[in-house]
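Chemist: Sharing entry.cif here; it has mmCIF, C-alpha atoms.
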```
data_structure
#
loop_
_atom_site.label_atom_id
_atom_site.label_comp_id
_atom_site.auth_asym_id
_atom_site.auth_seq_id
_atom_site.Cartn_x
_atom_site.Cartn_y
_atom_site.Cartn_z
CA MET A 96 0.00 0.00 0.00
CA SER A 97 1.34 3.39 -0.95
CA GLY A 98 1.17 6.42 1.28
CA THR A 99 0.24 6.76 4.93
CA ALA A 100 -3.14 6.37 6.52
CA PRO A 101 -3.61 10.07 7.35
CA SER A 102 -3.56 10.88 3.63
CA ILE A 103 -6.94 9.19 3.11
CA PRO A 104 -9.46 12.02 2.69
CA ASN A 105 -12.74 10.09 2.69
CA LEU A 106 -14.23 6.68 3.34
CA LEU A 107 -15.97 6.31 0.05
CA THR A 108 -14.15 7.87 -2.84
CA LEU A 109 -10.51 6.88 -3.10
CA ARG A 110 -9.48 5.47 -6.44
CA GLY A 111 -6.48 3.21 -6.77
CA ARG A 112 -3.57 4.17 -4.56
CA ILE A 113 -4.20 5.71 -1.18
CA GLY A 114 -3.21 9.35 -1.03
CA GLY A 115 -4.37 10.40 -4.46
CA GLY A 116 -6.98 10.31 -7.15
CA GLY A 117 -10.04 10.51 -4.93
CA VAL A 118 -12.63 13.21 -4.93
CA THR A 119 -14.71 13.91 -1.88
CA ARG A 120 -17.77 11.73 -1.66
CA GLY A 121 -20.57 13.99 -0.69
CA ARG A 122 -24.05 15.03 -1.67
CA TYR A 123 -23.43 18.70 -1.88
CA ARG A 124 -25.04 19.31 -5.23
CA GLY A 125 -27.85 21.00 -3.33
CA VAL A 126 -25.56 23.20 -1.25
CA ILE A 127 -22.75 25.71 -1.59
CA HIS A 128 -19.08 25.29 -2.33
CA ARG A 129 -16.09 27.12 -0.92
CA GLY A 130 -16.24 30.85 -1.50
CA GLY A 131 -20.02 30.75 -1.90
CA ARG A 132 -19.90 29.67 -5.52
CA GLY A 133 -23.27 28.05 -5.80
CA HIS A 134 -24.36 25.68 -8.49
CA GLY A 135 -28.06 26.30 -8.35
CA PRO A 136 -30.19 28.48 -10.59
CA GLY A 137 -28.91 32.01 -10.78
CA ALA A 138 -25.53 31.08 -9.30
CA PRO A 139 -22.52 33.11 -10.35
CA SER A 140 -20.61 31.59 -13.25
CA ALA A 141 -17.64 29.43 -12.26
CA SER A 142 -14.82 27.66 -14.04
CA ALA A 143 -15.43 24.39 -15.83
CA ALA A 144 -13.09 22.70 -13.38
CA HIS A 145 -15.12 23.93 -10.45
CA ASP A 146 -18.36 22.75 -12.03
CA ALA A 147 -16.78 19.36 -12.72
CA THR A 148 -15.78 19.07 -9.06
CA ILE A 149 -19.31 19.80 -7.92
CA GLN A 150 -20.92 17.38 -10.36
CA GLY A 151 -18.20 14.80 -9.77
CA THR A 152 -19.21 14.17 -6.18
CA ASP A 153 -22.35 12.35 -7.21
CA THR A 154 -20.58 10.45 -9.96
CA ASP A 155 -17.90 9.37 -7.54
CA ALA A 156 -20.47 8.23 -4.99
CA ALA A 157 -22.19 6.16 -7.67
CA ILE A 158 -18.87 4.57 -8.65
CA SER A 159 -18.08 3.67 -5.04
CA ARG A 160 -21.51 2.12 -4.65
CA LEU A 161 -21.10 0.09 -7.84
CA SER A 162 -17.65 -1.10 -6.73
CA ALA A 163 -19.13 -2.52 -3.53
CA VAL A 164 -21.97 -4.10 -5.51
CA GLN A 165 -19.76 -5.77 -8.10
CA ILE A 166 -17.52 -7.35 -5.47
CA GLY A 167 -20.50 -8.57 -3.46
CA TYR A 168 -20.56 -6.33 -0.40
CA ILE A 169 -24.08 -5.08 -1.00
CA ASP A 170 -26.99 -6.12 -3.21
CA ASP A 171 -28.07 -3.29 -5.48
CA PRO A 172 -29.00 -4.28 -9.04
CA TYR A 173 -29.70 -0.63 -9.91
CA ALA A 174 -26.29 0.83 -9.09
CA GLU A 175 -24.95 0.19 -12.60
CA LEU A 176 -27.64 2.38 -14.14
CA PHE A 177 -26.01 5.50 -12.70
CA VAL A 178 -22.38 4.82 -13.71
CA GLN A 179 -20.89 5.26 -17.16
CA SER A 180 -17.55 3.48 -17.20
CA GLY A 181 -15.80 0.54 -18.78
CA PRO A 182 -15.31 -2.87 -17.17
CA GLY A 183 -12.94 -2.79 -14.20
CA ALA A 184 -12.94 1.00 -13.99
CA VAL A 185 -14.98 1.19 -10.80
CA ARG A 186 -12.99 -0.95 -8.37
CA ARG A 187 -12.19 0.77 -5.09
CA LEU A 188 -9.78 -0.19 -2.33
CA PRO A 189 -10.99 -2.79 0.19
CA ILE A 190 -11.25 -0.26 3.04
CA ILE A 191 -13.40 1.98 0.86
CA ASN A 192 -15.67 -0.91 -0.12
CA ARG A 193 -16.01 -1.88 3.52
CA GLY A 194 -16.86 1.71 4.40
CA THR A 195 -19.55 1.78 1.72
CA TYR A 196 -20.94 -1.48 3.07
CA ALA A 197 -21.00 -0.34 6.72
CA ARG A 198 -22.60 3.02 5.95
CA THR A 199 -25.23 1.51 3.66
CA MET A 200 -26.06 -1.25 6.13
CA ALA A 201 -26.39 1.19 9.02
CA ILE A 202 -28.67 3.64 7.24
CA ASP A 203 -30.77 0.81 5.79
CA ARG A 204 -31.19 -0.53 9.31
CA LEU A 205 -32.39 2.82 10.63
CA VAL A 206 -34.73 3.32 7.66
CA ASP A 207 -36.21 -0.14 8.18
CA LYS A 208 -36.73 0.54 11.90
CA PHE A 209 -38.56 3.77 11.11
CA LEU A 210 -40.76 2.05 8.54
CA ASP A 211 -41.47 -0.88 10.85
CA ASP A 212 -42.46 1.47 13.67
CA THR A 213 -44.80 3.45 11.42
CA GLU A 214 -46.33 0.50 9.54
CA SER A 215 -49.67 1.02 11.24
CA SER A 216 -49.87 4.74 10.45
CA PRO A 217 -53.28 4.94 8.73
CA GLU A 218 -52.39 7.75 6.32
CA GLY A 219 -48.86 6.56 5.59
CA ARG A 220 -45.38 7.91 6.33
CA GLN A 221 -42.70 9.78 4.44
CA ILE A 222 -38.93 9.91 3.97
CA VAL A 223 -37.03 13.03 2.85
CA SER A 224 -33.53 12.52 1.44
CA LEU A 225 -31.46 15.72 1.23
CA GLY A 226 -29.07 16.05 -1.72
CA ALA A 227 -30.05 12.57 -2.89
CA GLY A 228 -28.48 12.77 -6.35
CA THR A 229 -28.39 9.33 -7.97
CA ASP A 230 -28.86 7.46 -4.70
CA THR A 231 -30.69 4.17 -5.28
CA ARG A 232 -32.32 3.63 -1.87
CA SER A 233 -35.81 4.43 -3.16
CA LEU A 234 -35.35 1.94 -6.00
CA ARG A 235 -34.27 -0.80 -3.63
CA LEU A 236 -37.05 0.03 -1.19
CA PHE A 237 -39.84 -0.22 -3.79
CA SER A 238 -38.39 -3.04 -5.87
CA PRO A 239 -40.73 -6.02 -6.45
CA SER A 240 -37.95 -8.20 -5.01
CA ALA A 241 -37.59 -6.12 -1.83
CA PRO A 242 -37.89 -8.45 1.18
CA THR A 243 -40.45 -6.31 3.02
CA PRO A 244 -43.67 -4.77 1.67
CA ARG A 245 -43.61 -0.99 2.14
CA LYS A 246 -47.10 0.38 1.60
CA ARG A 247 -48.11 4.04 1.87
CA VAL A 248 -44.56 5.41 1.87
CA ILE A 249 -43.98 8.80 0.23
CA TYR A 250 -40.28 9.09 -0.59
CA HIS A 251 -39.01 12.63 -1.25
CA GLU A 252 -35.64 13.53 -2.72
CA ILE A 253 -34.35 17.12 -2.86
CA ASP A 254 -31.46 18.21 -5.03
CA PHE A 255 -30.44 20.74 -7.66
CA PRO A 256 -32.84 20.85 -10.63
CA ALA A 257 -30.10 19.59 -12.98
CA MET A 258 -29.52 16.52 -10.79
CA CYS A 259 -33.24 15.80 -10.60
CA GLU A 260 -33.58 16.06 -14.36
CA LYS A 261 -30.67 13.65 -14.82
CA LYS A 262 -32.28 11.11 -12.52
CA GLN A 263 -35.62 11.46 -14.28
CA ARG A 264 -33.97 10.67 -17.62
CA ILE A 265 -32.36 7.55 -16.20
CA VAL A 266 -35.53 6.31 -14.50
CA ARG A 267 -37.56 6.98 -17.66
CA SER A 268 -35.10 5.30 -20.04
CA ALA A 269 -34.19 2.15 -18.04
CA PRO A 270 -36.57 -0.74 -18.96
CA GLN A 271 -35.75 -2.63 -15.75
CA LEU A 272 -37.19 0.23 -13.70
CA ARG A 273 -40.64 -0.07 -15.23
CA SER A 274 -41.38 -2.84 -12.71
CA ILE A 275 -40.59 -0.39 -9.89
CA PHE A 276 -42.01 2.99 -10.90
CA SER A 277 -44.59 4.33 -13.29
CA ASP A 278 -43.42 6.69 -16.01
CA PRO A 279 -42.15 9.83 -14.19
CA GLY A 280 -44.48 12.77 -14.55
CA SER A 281 -43.23 16.34 -14.30
CA VAL A 282 -44.56 18.52 -11.48
CA GLU A 283 -44.90 22.30 -11.60
CA GLU A 284 -43.65 23.63 -8.28
CA LEU A 285 -41.01 25.85 -6.69
CA SER A 286 -40.63 28.22 -9.66
CA GLN A 287 -40.73 31.31 -7.46
CA HIS A 288 -37.98 29.77 -5.34
CA GLY A 289 -35.64 29.11 -8.24
CA GLY A 290 -36.58 25.45 -8.43
CA GLY A 291 -37.66 23.33 -11.33
CA ASN A 292 -37.52 19.91 -12.97
CA SER A 293 -39.48 18.27 -10.16
CA TRP A 294 -41.16 14.96 -10.93
CA GLN A 295 -43.25 12.22 -9.40
CA SER A 296 -43.73 8.48 -9.91
CA LYS A 297 -45.81 5.75 -8.28
CA ALA A 298 -44.58 2.40 -7.01
CA VAL A 299 -45.87 -0.33 -9.32
CA ALA A 300 -45.63 -3.49 -7.21
CA GLU A 301 -48.79 -4.47 -5.33
CA LYS A 302 -46.73 -5.13 -2.20
CA HIS A 303 -45.85 -1.41 -2.15
CA GLN A 304 -49.37 -0.15 -2.84
CA GLY A 305 -49.84 3.56 -2.21
CA SER A 306 -46.11 4.36 -2.21
CA GLU A 307 -44.67 7.15 -4.36
CA LEU A 308 -41.39 8.86 -5.22
CA TRP A 309 -41.30 12.67 -5.39
CA VAL A 310 -38.08 14.31 -6.64
CA HIS A 311 -37.91 18.05 -5.98
CA GLY A 312 -35.52 20.25 -7.96
CA LEU A 313 -34.49 22.81 -5.35
CA ASP A 314 -31.38 24.44 -3.93
CA LEU A 315 -31.42 23.55 -0.23
CA ARG A 316 -30.47 27.11 0.69
CA ALA A 317 -33.98 28.17 -0.31
CA ILE A 318 -35.27 26.02 2.53
CA ALA A 319 -32.77 27.60 4.91
CA ALA A 320 -33.92 31.05 3.81
CA LEU A 321 -37.39 30.31 5.13
CA GLN A 322 -35.97 30.14 8.62
CA GLN A 323 -33.69 33.20 8.33
CA PRO A 324 -35.98 36.12 7.45
CA GLN A 325 -33.48 38.65 8.81
CA GLN A 326 -30.54 37.32 6.81
CA PRO A 327 -29.71 37.76 3.10
CA LEU A 328 -29.67 34.83 0.77
CA PRO A 329 -26.38 33.30 -0.41
CA PRO A 330 -25.43 33.71 -4.09
CA GLY A 331 -27.39 31.49 -6.41
CA VAL A 332 -30.66 31.54 -4.46
CA PRO A 333 -33.07 33.82 -6.35
CA ILE A 334 -34.80 36.78 -4.79
CA GLY A 335 -38.16 35.64 -3.53
CA SER A 336 -36.82 32.38 -2.08
CA ARG A 337 -38.08 33.29 1.37
CA GLY A 338 -41.12 32.41 3.39
CA LEU A 339 -42.23 33.78 6.74
CA HIS A 340 -44.49 31.03 8.03
CA ALA A 341 -41.96 29.33 10.32
CA SER A 342 -39.95 30.41 13.33
CA PRO A 343 -36.62 32.09 12.53
CA CYS A 344 -33.36 30.36 13.39
CA THR A 345 -30.97 32.39 15.50
CA THR A 346 -27.93 30.14 15.60
CA GLY A 347 -24.60 30.99 14.07
CA SER A 348 -23.41 34.08 12.26
CA THR A 349 -23.41 35.15 8.65
CA THR A 350 -20.54 34.11 6.45
CA GLN A 351 -18.74 36.15 3.85
CA TYR A 352 -20.95 35.04 1.00
CA GLU A 353 -24.06 35.74 3.07
CA GLU A 354 -22.83 39.23 3.93
CA GLU A 355 -22.13 40.10 0.30
CA THR A 356 -25.70 39.54 -0.88
CA SER A 357 -28.55 42.00 -0.81
CA GLN A 358 -31.67 41.53 1.26
CA PRO A 359 -34.45 40.05 -0.91
CA GLN A 360 -38.14 40.55 -0.35
CA PRO A 361 -40.27 37.50 0.51
CA LYS A 362 -42.71 36.15 -2.08
CA GLY A 363 -44.63 33.72 0.08
CA PRO A 364 -43.88 30.37 1.69
CA LEU A 365 -42.11 27.50 0.01
CA THR A 366 -44.25 24.40 -0.46
CA LEU A 367 -42.94 20.98 -1.41
CA THR A 368 -45.71 19.21 -3.25
CA SER A 369 -47.04 16.19 -1.31
CA LEU A 370 -44.92 16.89 1.80
CA ASN A 371 -47.53 16.17 4.45
CA PRO A 372 -46.85 17.80 7.85
CA ASN A 373 -49.12 15.27 9.55
CA LEU A 374 -47.26 12.12 8.51
CA PRO A 375 -44.47 10.42 10.49
CA THR A 376 -41.30 11.63 8.75
CA LEU A 377 -37.68 10.54 8.43
CA ILE A 378 -34.97 12.94 7.18
CA ILE A 379 -31.78 11.51 5.66
CA SER A 380 -28.58 13.53 5.12
CA GLU A 381 -25.58 11.58 3.83
CA CYS A 382 -22.65 14.02 3.64
CA CYS A 383 -24.93 16.88 2.67
CA LEU A 384 -25.47 19.28 5.58
CA CYS A 385 -21.75 19.18 6.44
CA TYR A 386 -20.94 21.38 3.40
CA LEU A 387 -23.18 24.20 4.63
CA PRO A 388 -22.48 26.88 7.23
CA PRO A 389 -23.76 25.68 10.61
CA SER A 390 -26.46 28.38 10.68
CA THR A 391 -27.75 27.28 7.27
CA ALA A 392 -27.70 23.59 8.19
CA SER A 393 -29.52 24.39 11.43
CA SER A 394 -32.13 26.38 9.52
CA ILE A 395 -32.83 23.43 7.25
CA LEU A 396 -33.36 21.24 10.30
CA SER A 397 -35.56 23.95 11.80
CA PHE A 398 -37.74 23.98 8.68
CA PHE A 399 -38.58 20.32 9.19
CA THR A 400 -38.87 20.42 12.99
CA THR A 401 -41.35 23.29 12.74
CA THR A 402 -43.20 21.99 9.66
CA ILE A 403 -43.68 18.35 10.66
CA GLN A 404 -46.35 18.04 13.34
CA SER A 405 -46.24 14.24 13.55
CA SER A 406 -43.33 12.13 14.79
CA LEU A 407 -40.01 13.12 13.23
CA SER A 408 -36.74 11.19 12.88
CA ILE A 409 -33.41 12.02 11.29
CA VAL A 410 -30.27 10.17 10.15
CA ILE A 411 -27.04 12.06 9.40
CA TYR A 412 -23.75 10.68 8.06
CA GLU A 413 -20.74 13.02 8.37
CA PRO A 414 -17.03 13.14 9.24
CA ILE A 415 -15.85 13.97 12.74
CA LYS A 416 -12.60 14.50 14.72
CA PRO A 417 -10.91 17.25 12.67
CA ASP A 418 -8.32 18.08 15.35
CA ASP A 419 -6.25 14.90 15.64
CA ALA A 420 -3.44 14.07 13.21
CA PHE A 421 -5.64 12.16 10.80
CA GLY A 422 -8.42 14.74 10.98
CA LYS A 423 -6.06 17.62 10.27
CA MET A 424 -4.68 15.84 7.23
CA MET A 425 -8.21 15.06 6.05
CA VAL A 426 -9.27 18.69 6.34
CA SER A 427 -6.05 19.85 4.65
CA ASN A 428 -6.53 17.50 1.72
CA LEU A 429 -10.08 18.69 1.24
CA ALA A 430 -9.07 22.36 1.51
CA ALA A 431 -6.49 21.80 -1.23
CA ARG A 432 -9.44 20.93 -3.48
CA GLU A 433 -11.30 24.07 -2.32
CA ILE A 434 -13.72 21.91 -0.37
CA ILE A 435 -14.61 22.82 3.19
CA MET A 436 -17.04 21.34 5.68
CA PRO A 437 -18.04 24.17 8.02
CA THR A 438 -20.10 22.03 10.39
CA LEU A 439 -17.03 19.87 11.07
CA GLU A 440 -15.54 22.75 13.05
CA VAL A 441 -18.63 22.93 15.26
CA TYR A 442 -19.70 19.30 15.62
CA LYS A 443 -16.29 17.76 16.11
CA GLU A 444 -17.08 14.75 18.26
CA ALA A 445 -19.88 12.25 18.66
CA GLU A 446 -21.23 14.10 21.68
CA ASP A 447 -21.35 17.34 19.66
CA GLN A 448 -23.39 15.63 16.94
CA GLU A 449 -25.83 14.20 19.47
CA ARG A 450 -26.13 17.56 21.24
CA ARG A 451 -26.87 19.14 17.87
CA LEU A 452 -29.91 16.92 17.44
CA ARG A 453 -31.12 17.33 21.00
CA GLU A 454 -30.96 21.09 20.63
CA ALA A 455 -32.93 20.77 17.38
CA GLY A 456 -35.75 19.12 19.32
CA PHE A 457 -34.93 15.41 19.15
CA SER A 458 -35.22 14.92 22.87
CA GLY A 459 -38.90 14.34 23.61
CA GLY A 460 -40.79 16.43 26.13
CA ASP A 461 -42.91 19.49 25.35
CA GLY A 462 -45.82 17.21 24.59
CA LYS A 463 -43.94 15.47 21.77
CA GLY A 464 -43.69 12.08 23.47
CA VAL A 465 -40.49 10.10 23.50
CA GLY A 466 -37.30 11.20 21.81
CA GLY A 467 -33.54 11.03 21.85
CA ALA A 468 -30.27 11.11 19.93
CA ARG A 469 -27.69 8.36 19.39
CA SER A 470 -24.58 7.87 17.29
CA LYS A 471 -22.05 5.28 16.20
CA THR A 472 -18.86 5.64 14.22
CA ILE A 473 -18.42 3.51 11.12
CA GLU A 474 -15.93 1.43 13.11
CA GLN A 475 -18.51 0.83 15.86
CA ILE A 476 -21.13 -0.05 13.27
CA TRP A 477 -18.83 -2.67 11.81
CA GLU A 478 -17.93 -4.10 15.22
CA GLN A 479 -21.33 -3.92 16.92
CA TRP A 480 -23.98 -4.11 14.22
CA THR A 481 -22.38 -6.69 11.94
CA SER A 482 -22.84 -10.32 12.91
CA GLN A 483 -19.86 -12.64 13.03
CA GLU A 484 -21.27 -14.62 10.13
CA GLU A 485 -21.62 -11.46 8.04
CA LYS A 486 -18.11 -10.31 8.96
CA GLU A 487 -16.74 -13.63 7.73
CA ARG A 488 -18.70 -13.28 4.48
CA VAL A 489 -17.39 -9.77 3.87
CA ASP A 490 -13.82 -10.70 4.84
CA ALA A 491 -13.89 -13.50 2.26
CA LEU A 492 -14.75 -11.11 -0.59
CA GLU A 493 -11.29 -9.56 -0.78
CA GLY A 494 -8.31 -9.27 1.53
CA LEU A 495 -8.07 -6.39 3.98
CA ASP A 496 -4.42 -5.98 4.93
CA GLU A 497 -4.77 -2.38 6.09
CA VAL A 498 -6.58 -3.20 9.34
CA GLU A 499 -5.11 -0.30 11.34
CA GLU A 500 -5.78 2.12 8.50
CA TRP A 501 -9.35 0.88 8.33
CA LYS A 502 -9.89 1.44 12.06
CA LEU A 503 -8.40 4.92 11.87
CA LEU A 504 -10.45 5.91 8.84
CA ALA A 505 -13.70 4.39 10.13
CA ALA A 506 -13.34 6.18 13.47
CA HIS A 507 -13.54 9.54 11.66
CA TYR A 508 -17.00 9.05 10.18
CA ILE A 509 -20.22 8.83 12.11
CA VAL A 510 -23.88 8.00 11.72
CA VAL A 511 -25.96 10.06 14.15
CA TRP A 512 -29.70 9.73 14.46
CA GLY A 513 -32.52 11.30 16.43
CA TRP A 514 -36.25 10.89 16.92
CA ARG A 515 -39.15 12.59 18.62
CA GLY A 516 -42.85 11.88 18.95
CA VAL A 517 -45.13 8.97 19.67
CA GLY A 518 -44.89 5.72 17.75
CA VAL A 519 -41.22 5.79 16.71
CA ASP A 520 -38.31 4.73 18.92
CA LEU A 521 -34.95 4.57 17.15
CA GLY A 522 -33.29 4.01 20.51
CA ILE A 523 -34.29 0.33 20.29
CA LEU A 524 -32.35 -1.32 17.47
#
```
Since I need it in another form, could you write the structure as structure tokens?
Modeler:
Amino acid sequence: MSGTAPSIPNLLTLRGRIGGGGVTRGRYRGVIHRGGRGHGPGAPSASAAHDATIQGTDTDAAISRLSAVQIGYIDDPYAELFVQSGPGAVRRLPIINRGTYARTMAIDRLVDKFLDDTESSPEGRQIVSLGAGTDTRSLRLFSPSAPTPRKRVIYHEIDFPAMCEKKQRIVRSAPQLRSIFSDPGSVEELSQHGGGNSWQSKAVAEKHQGSELWVHGLDLRAIAALQQPQQPLPPGVPIGSRGLHASPCTTGSTTQYEEETSQPQPKGPLTLTSLNPNLPTLIISECCLCYLPPSTASSILSFFTTTIQSSLSIVIYEPIKPDDAFGKMMVSNLAAREIIMPTLEVYKEAEDQERRLREAGFSGGDGKGVGGARSKTIEQIWEQWTSQEEKERVDALEGLDEVEEWKLLAAHYIVVWGWRGVGVDLGIL
């Protein structure tokens, strides 16, 4: 193995030799990049290299997922639909494949627990995936071959309009997806908030009766703007992307790109079509909120905690521990690519991440029933949530000589989850 362990910038995106070639795996197509150079509608023009970096995060995530699928770590027959590459071009290092496996397994487990707990909800339940890109979880969930029937589930994905349009083209053109979803129909929404290219499709299989996929083309900062009526919008979010129907967020301070923008006038509240405030709801953020300023990320959480009146749960996957030797090298490597993760400087440890969710309302009380916040690093997920039989199966797929490097890397990424309200208890897994 070439290089030293601290040169590994991310669990999921290294190509070939450790220490080079990898781009950051993240879902920050719906958020800002360093220097406030947005990629949403109305964003300032940027270099082709910068645009390629932004778009490349989703491509790289899809490649990492396909690598784990092809070797046998995870079962996802739809991963190949979102990768354009020749044979053998997608293979990742064993520690990256194991990281993909552990993260996927952990989030699937939490999603399944939420859906099991809300199975009896008479009007259904909903999942909201932030910066979903080409993620295939909704496809796996509503597949005819899925092991568990999932009726009355409304699955929302939010990302840049361009990403949503790309996914619509793939879903519409892939014959094997006709057994999962009906032909995607375009939805007119969000135009006054700079959004577009939203679409909707229904689950086809009888076992998933009443379930739907809604993909919303929207810059996530427009959601944050709803909660910050006294603060200007970042570049790229059009004037009018503000609503005044929810409580303002007061955490954090403005950043340079927020200070440089003019104060827009509100044009009414933002409404995501079919987002039902009275349904049990699960929010998923896989390396998405970490690319936003803490105040913006908090405002997005505030939008959902104030909008959803039923039980609410959340799952977040992000890096932690920026101050030790490995963490400093990780941050330095990312900064060299003009990529920063502002929340990493605020939520540095597991206890910070859990406190973040408790302060956002995932703690029960106030008439909201039970609640709480928990977390596990990727290393803990592998050790504690993976059976011995499954560990032996995964170990047999390919050799893992870099055991110490794996432990170091996996200790710097965390899955944190919270819940509040009656009927859902993610503290029992």
Chemist: Write out as a list in words which residues come within 10 Å of A:Glu440 when counting only C-alpha atoms, dropping same-chain ones fewer than 2 positions away.
Modeler: Cys385, Pro388, Pro389, Ile415, Lys416, Pro417, Asp418, Ile435, Met436, Pro437, Thr438, Tyr442, Lys443 and Glu444 of chain A
Chemist: My list of candidates is A:Glu433, A:Asp520, A:Glu301, A:Glu307. Which is closest to A:Gly467 when distances are computed with all atoms listed in the file?
Modeler: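 The closest residue to A:Gly467 is A:Asp520.
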Chemist: At what distance in Å, to one decimal, does atom CA of A:Pro217 lie from atom CA of A:Arg204?
Modeler: 22.8 Å
Chemist: Hey, could you make a per-residue contact list for stretch 175-266 of chain A against stretch 159-162 of chain A with 7 Å as the cut-off, showing the nearest pair of atoms and its distance in Å to one decimal, counting all atoms listed in the file, sorted by chain and number, as CSV?
Modeler:
```
residue,atom,partner,partner_atom,distance
A:Glu175,CA,A:Leu161,CA,6.1
A:Val185,CA,A:Ser162,CA,5.4
A:Arg186,CA,A:Ser162,CA,4.9
A:Arg187,CA,A:Ser162,CA,6.0
A:Asn192,CA,A:Ser162,CA,6.9
A:Thr195,CA,A:Arg160,CA,6.7
```
Chemist: Determine the residue membership of the PyMOL selection byres ((chain A and resi 221) around 9) for the file above and supply it as a list of chain:residue names.
Modeler: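 After applying the PyMOL selection byres ((chain A and resi 221) around 9), what remains is A:Leu210, A:Gly219, A:Arg220, A:Ile222, A:Val223, A:Arg247, A:Val248, A:Ile249, A:Tyr250, A:His251, A:Leu370, A:Asn371, A:Leu374, A:Pro375, A:Thr376, A:Leu377, A:Ile378.
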Chemist: If you measure from atom CA of A:Trp477 to atom CA of A:Ala197, what distance in Å do you get, rounded to one decimal?
Modeler: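 Atom-to-atom, atom CA of A:Trp477 and atom CA of A:Ala197 are spaced 6.0 Å apart.
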